[in-house]
Amino acid sequence: MIEAIGNQYVVARPVYSSNTFGEEFKKADRHHKTLLDHLRGCCSCSSKKAKKIALSLFPIASWLPAYKIKEWLLSDIVSGISTGLVAVLQGLAFALLVNIPPSYGLYAAFFPVITYFFLGTSRHISVGPFPVLSMMVGVVVTRVASGGNTAPELSSNDSLDAQDQEKIMVAASVTVLSGIIQLLLGVLQIGFVVIYLSESLISGFTTAAAIHVLVSQLKFMLQLSVPAHSDPFSLFKVLESVFTQIEKTNIADLVTSVIILVIVFIVKEINQRFRSKLPVPIPIELIMTVIATGVSYGCNFEEKFGVAVIGNMTLGFQPPITPSVEVFQDTIGDSFGIAIVGFAVAFSVASVYSLKYDYPIDGNQELIALGISNIFTGAFRGFAGSTALSRSGVQESTGGKTQVAGLLSAVIVLIVIVAIGFLLQPLQKSVLAALALGNLKGMLMQFAEIGRLWKKDKYDCLIWIMTFIFAIVLGLGLGLAASVAFQLLTIVFRTQFPKCSTLANVGRSNIYKNRKTYADVYEPEGVKIFRCPSPIYFANIRFFKQKLIDAVGFSPLRVLRKRNKALKKIRKLQKRGLIQVTPKGFICTSDGFKDSDEELDNNQIEELDQPINTTDLPFEIDWNADLPLNITVPKISLHSLILDFSAVSFLDISSMRGLKTILQEFIRIKVDVYIVGTDDDFIDKLVRCAFFDDEVTDSIFFLTIHDAVLHILMKKDYSTSKFNPSQEKEIKYDFTVNTNGGLRNRECQVPVETRF
């Protein structure tokens with residue numbers, strides 16, 4: 001019965017152990033689906049299921065018929081044009097990160113948008129080149145293309161030298177392979193893999209990638225010949241090459257890139273601060289590109305100052321290519337990392353917009369969409385993409401409502417590819433490098449996360465720092481793998497060394513908290529409540545045992561051995577008639593008894609670990625009283641131990657054996673053990689594993705801490721008053737406050753069936 005009185009509630013119910021609760025409330029029959037049942041469900045066919053599958057594979061079919069032309073079309077047109085202009089410039093700039101000719105970045109900005117329009121579930125992200133992914137692909141291109149790999153050459157463009165053709169082939173092959181991996185993960189419904197990349201890890205990784213991008217662009221800003229490096233410590237080797245050649249810097253490129261970079265940073269800051277007042281963000285990248293191209297062409301920078309320009313921009317599309325199987329074999333690990341990072345970034349950004357505009361997204365469908373996009377892009381000589389935060393921000397902030405804006409942005413890129421791309425030929429590569437660095441501001445500002453994370457969670461802060469260090473020192477590929485391993489290690493560390501605590505009653509009610517946290521607490525005499533806030537498994541069972549021993553103040557195994565050893569001495573005294581028992585205790589009739597403390601062998605130690613058996617003695621031994629002669633046994637005041645397992649989600653086989661040993665050690669020294677807060681599955685697993693026996697029974701489980709405490713207090717009171725439960729069908733037990741503390745007015749009905 002539950003009764004509410006103002007802001008208080010009063011509960012009157014029996015004290016429940018798990019057994020008595022199960023007897024009173026029968027469980028419903030539940031059918032747990034087997035693997036065969038799931039397979040049958042997947043293989044079954046119906047018109048409703050077919051429609052659901054079709055809509056999930058082609059999300060466009062669900063939102064396009066509901067498209068509001070009058071309300072959304074104009075906004076999507078404005079957004080599409082703005083996003084398309086940004087996509088053109090970012091495609092050219094990020095191609096430098098891949099170490100391929102800039103014009104191939106336009107393919108990476110065009111093809112993924114087309115496929116995502118039909119297959120993607122997000123209405124606001126702009127798919128295409130992303131600097132971190134471009135950098136990861138560039139690292140692979142540098143390693144494979146410079147390693148003598150015999151990738152087939154391209155024959156469709158004679159203007160490219162053999163090295164550029166090989167780089168394009170490697171980039172395209174890596175992109176196709178990463179797309180295949182994403183597609184397989186999506187088909188197999190393994191979109192959950194992204195959960196292993198926490199926000200702290202992604203933030204630290206993208207910040208380190210921004211540093212890599214910054215360093216990689218120095219050679220274009222300074223126009224230096226820097227050899228390619230892809231192994232660990234490559235960042236420092238590139239810096240060494242840059243500083244050893246610093247006197248060869250092209251001043252025109254340096255001045256141009258610095259001016260562009262400063263202006264871009266200033267205008268982006270204006271866009272950020274006044275975004276609520278500006279109808280659309282100022283397209284500074286487009287403005288600076290037009291100005292820089294015109295100045296470079298008009299002043300003939302290429303001949304006068306020897307600056308590096310984009311050069312030949314082949315109009316139109318080129319035929320698709322067949323990826324290299326040899327490259328597949330050499331880059332499968334890198335491709336997996338590219339696939340996971342690309343999906344993680346895209347899904348994170350898509351989740352933000354889905355929450356903001358209240359529409360669902362499907363992680364597995366996103367994997368399929370990105371996978372097919374990358375396969376399509378790689379086949380047409382592009383490189384792997386995801387979504388650039390700045391480009392998606394432009395698409396959303398300029399009024400984009402659906403992926404119609406994305407389709408229109410692809411039209412803008414298409415126009416550049418087939419018609420006006422030649423106009424960008426005089427553009428300096430240093431300008432593209434400056435534009436690429438201008439898009440890194442948000443990532444570089446993530447250094448501020450360190451201070452915030454340190455205040456919130458030091459483990460997350462450590463993950464951020466170590467991820468950043470790994471990615472800087474080991475490179476992006478190995479750094480990502482090491483970061484994930486370190487993050488999982490922190491989870492193991494948290495569970496291996498949990499913050500166990502001793503609980504006490506707070507407020508004289510049914511609330512139990514850490515006794516060190518609150519001043520006014522009540523602990524029943526002889527009762528210890530111990531809480532473990534993590535799963536118990538093979539790695540932390542010893543730590544759990546040690547913390548439990550520290551909490552109770554003694555080792556039950558040591559006490560058990562001491563008692564069994566003392567029992568052997570008492571038996572010897574009793575057999576020789578040297579001991580007598582009186583109401584006041586033991587009386588020894590001889591002081592000449594000596595018993596040697598010889599070294600014990602393994603069999604004798606095992607004998608001391610057995611339960612104490614005094615049935616052959618004509619008297620009971622009070623182990624907390626004085627014993628005869630010099631027999632000493634540790635005295636303990638504990639008679640009941642409550643283990644709060646409400647936060648223990650699982651128990652493996654190895655720890656199960658250890659837990660049973662711990663319980664047996666306490667039970668054998670007459671300390672009653674109770675386990676509370678477990679769910680039914682936990683107990684069912686113990687039953688399946690034959691955990692219970694005559695010594696450790698299933699009656700030790702109670703629903704709550706308060707149930708166990710009341711049971712203990714009633715049990716001790718019954719034993720002292722010799723109360724016979726069979727004389728009453730039901731009793732009422734009241735606990736009232738006295739000057740020494742206690743429980744306040746908690747009435748509890750205890751049925752006869754409760755085992756005491």
# chains A, B, ... in the order shown; residues from 1 in each chain; ligands from 1
>>> residues_around(residues="Phe422 (chain A)", least_positions_apart="6", cutoff="8 Å", atoms="only C-alpha atoms", output="VMD selection string")
chain A and resid 312 to 315
>>> residues_around(residues="region 262-269 of chain A", least_positions_apart="5", cutoff="10 Å", atoms="only C-alpha atoms", output="PyMOL selection string")
chain A and resi 257+274-275+281-285+287-288+434-435+437-441
>>> closest_atom_pairs(of="region 21-66 of chain A", to="region 187-208 of chain A", cutoff="12 Å", atoms="only C-alpha atoms", output="Markdown table")
| residue | atom | partner | partner_atom | distance |
| --- | --- | --- | --- | --- |
| A:Ile53 | CA | A:Val187 | CA | 11.9 |
| A:Ser56 | CA | A:Val187 | CA | 11.7 |
| A:Leu57 | CA | A:Val187 | CA | 10.3 |
>>> select_by_dssp(residues="region 211-458 of chain A", states="helix (DSSP H, G or I)", output="ChimeraX atom specification")
/A:211-216,218-222,234-244,246-248,251-273,284-299,301-304,325-357,363-379,389-397,404-424,429-438,441-456,458
>>> residues_around(residues="Met221 (chain A)", least_positions_apart="4", cutoff="8 Å", atoms="only C-alpha atoms", output="PyMOL selection string")
chain A and resi 217+253-254+257+429-431+433-434
>>> atom_distance(atom1="CA of Ile125 (chain A)", atom2="CA of Val413 (chain A)")
16.6 Å
>>> atom_distance(atom1="CA of Ile100 (chain A)", atom2="CA of Phe117 (chain A)")
26.7 Å
>>> atom_distance(atom1="CA of Ile291 (chain A)", atom2="CA of Ala252 (chain A)")
15.3 Å
>>> closest_residue(among="A:Tyr512, A:Tyr518, A:Phe383, A:Tyr357", to="Ala109 (chain A)", atoms="only C-alpha atoms")
A:Phe383
>>> residues_around(residues="Pro59 (chain A)", least_positions_apart="4", cutoff="10 Å", atoms="only C-alpha atoms", output="number ranges by chain")
A: 53-55, 63-64, 116-122, 361-362, 365
>>> residues_around(residues="Phe301 (chain A)", least_positions_apart="4", cutoff="12 Å", atoms="only C-alpha atoms", output="PyMOL selection string")
chain A and resi 250-253+256+292-297+305-309+426-429
>>> residues_around(residues="Tyr537 (chain A)", least_positions_apart="2", cutoff="6 Å", atoms="only C-alpha atoms", output="ChimeraX atom specification")
/A:539-541,651-652,655
>>> write_last_selection(atoms="C-alpha atoms", output="compact mmCIF listing (two decimals), in the first residue's frame")
# COMPACT_ATOMS: atom_id res chain seq x y z
CA ALA A 539 40.07 -8.35 -13.91
CA ASN A 540 38.59 -6.76 -10.78
CA ILE A 541 37.49 -9.64 -8.54
CA LEU A 651 29.30 -11.37 -13.53
CA ASP A 652 31.58 -13.66 -15.52
CA SER A 655 34.59 -13.82 -10.89
>>> residues_around(residues="Phe21 (chain A)", least_positions_apart="3", cutoff="12 Å", atoms="only C-alpha atoms", output="list in words")
Arg13, Pro14, Val15, Tyr16, Ser17, Ser18, Glu24, Phe25, Lys26, Lys27, Asp680, Ser699, Phe701, Phe702, Leu703, Thr704, Asp707, Val750, Pro751, Glu753 and Thr754 of chain A
>>> write_last_selection(atoms="N, CA and C atoms", output="CSV table (one decimal), in the first residue's frame")
chain,number,residue,atom,x,y,z
A,13,ARG,N,4.3,-2.5,3.2
A,13,ARG,CA,4.5,-3.7,2.5
A,13,ARG,C,5.3,-4.7,3.2
A,14,PRO,N,5.2,-6.0,2.9
A,14,PRO,CA,6.1,-6.9,3.6
A,14,PRO,C,7.6,-6.7,3.2
A,15,VAL,N,8.5,-7.2,4.1
A,15,VAL,CA,9.9,-7.3,3.8
A,15,VAL,C,10.1,-8.4,2.8
A,16,TYR,N,10.7,-8.1,1.6
A,16,TYR,CA,10.8,-9.1,0.6
A,16,TYR,C,12.2,-9.6,0.4
A,17,SER,N,12.4,-10.8,0.4
A,17,SER,CA,13.6,-11.4,-0.2
A,17,SER,C,13.2,-11.7,-1.6
A,18,SER,N,14.2,-12.1,-2.5
A,18,SER,CA,13.8,-12.4,-3.9
A,18,SER,C,12.9,-13.6,-3.9
A,24,GLU,N,5.0,-14.6,-4.1
A,24,GLU,CA,3.8,-13.7,-4.1
A,24,GLU,C,3.4,-13.2,-5.4
A,25,PHE,N,4.4,-12.9,-6.2
A,25,PHE,CA,4.1,-12.3,-7.5
A,25,PHE,C,4.7,-13.2,-8.6
A,26,LYS,N,3.9,-13.9,-9.3
A,26,LYS,CA,4.4,-14.9,-10.3
A,26,LYS,C,4.8,-14.1,-11.5
A,27,LYS,N,5.9,-14.6,-12.1
A,27,LYS,CA,6.4,-14.0,-13.3
A,27,LYS,C,5.6,-14.4,-14.5
A,680,ASP,N,16.5,-10.1,-12.1
A,680,ASP,CA,16.2,-11.5,-12.2
A,680,ASP,C,17.2,-12.3,-13.1
A,699,SER,N,18.5,-17.8,-0.8
A,699,SER,CA,17.7,-17.0,0.1
A,699,SER,C,18.5,-15.7,0.6
A,701,PHE,N,19.3,-13.3,-1.3
A,701,PHE,CA,19.0,-12.2,-2.2
A,701,PHE,C,17.7,-11.4,-1.7
A,702,PHE,N,17.9,-10.1,-1.6
A,702,PHE,CA,16.7,-9.3,-1.2
A,702,PHE,C,16.6,-8.2,-2.2
A,703,LEU,N,15.3,-7.6,-2.3
A,703,LEU,CA,15.0,-6.6,-3.3
A,703,LEU,C,15.8,-5.3,-3.1
A,704,THR,N,15.8,-4.8,-1.8
A,704,THR,CA,16.5,-3.5,-1.6
A,704,THR,C,17.3,-3.6,-0.3
A,707,ASP,N,15.1,-3.7,2.8
A,707,ASP,CA,14.5,-5.0,3.1
A,707,ASP,C,15.5,-5.9,3.9
A,750,VAL,N,5.6,-8.4,8.1
A,750,VAL,CA,6.5,-9.5,7.8
A,750,VAL,C,5.7,-10.8,7.7
A,751,PRO,N,5.6,-11.4,6.6
A,751,PRO,CA,4.8,-12.6,6.5
A,751,PRO,C,5.6,-13.8,7.2
A,753,GLU,N,6.3,-16.6,6.0
A,753,GLU,CA,7.1,-17.4,5.1
A,753,GLU,C,8.5,-16.9,5.0
A,754,THR,N,8.7,-15.6,5.4
A,754,THR,CA,10.1,-15.1,5.3
A,754,THR,C,11.1,-15.9,6.1
>>> closest_residue(among="A:His711, A:Thr244, A:Ser62, A:Ser173", to="Tyr359 (chain A)", atoms="only C-alpha atoms")
A:Ser62
>>> closest_atom_pairs(of="region 82-133 of chain A", to="region 330-339 of chain A", cutoff="12 Å", atoms="only C-alpha atoms", output="Markdown table")
| residue | atom | partner | partner_atom | distance |
| --- | --- | --- | --- | --- |
| A:Phe130 | CA | A:Ile338 | CA | 11.1 |
| A:Pro131 | CA | A:Ile338 | CA | 11.8 |
| A:Val132 | CA | A:Ile338 | CA | 9.2 |
| A:Leu133 | CA | A:Ile338 | CA | 6.4 |
>>> write_last_selection(atoms="N, CA, C and O atoms", output="PDB file, in the first residue's frame")
ATOM      1  N   PHE A 130      36.344  16.483 -46.989  1.00  0.00           N
ATOM      2  CA  PHE A 130      36.499  16.872 -45.589  1.00  0.00           C
ATOM      3  C   PHE A 130      37.992  16.875 -45.296  1.00  0.00           C
ATOM      4  O   PHE A 130      38.686  15.904 -45.639  1.00  0.00           O
ATOM      5  N   PRO A 131      38.538  17.939 -44.703  1.00  0.00           N
ATOM      6  CA  PRO A 131      40.005  18.049 -44.595  1.00  0.00           C
ATOM      7  C   PRO A 131      40.672  16.890 -43.864  1.00  0.00           C
ATOM      8  O   PRO A 131      41.756  16.440 -44.259  1.00  0.00           O
ATOM      9  N   VAL A 132      40.062  16.389 -42.806  1.00  0.00           N
ATOM     10  CA  VAL A 132      40.688  15.288 -42.063  1.00  0.00           C
ATOM     11  C   VAL A 132      40.775  14.042 -42.922  1.00  0.00           C
ATOM     12  O   VAL A 132      41.817  13.382 -43.000  1.00  0.00           O
ATOM     13  N   LEU A 133      39.672  13.703 -43.606  1.00  0.00           N
ATOM     14  CA  LEU A 133      39.690  12.530 -44.486  1.00  0.00           C
ATOM     15  C   LEU A 133      40.655  12.732 -45.643  1.00  0.00           C
ATOM     16  O   LEU A 133      41.366  11.801 -46.041  1.00  0.00           O
TER      17      LEU A 133
END
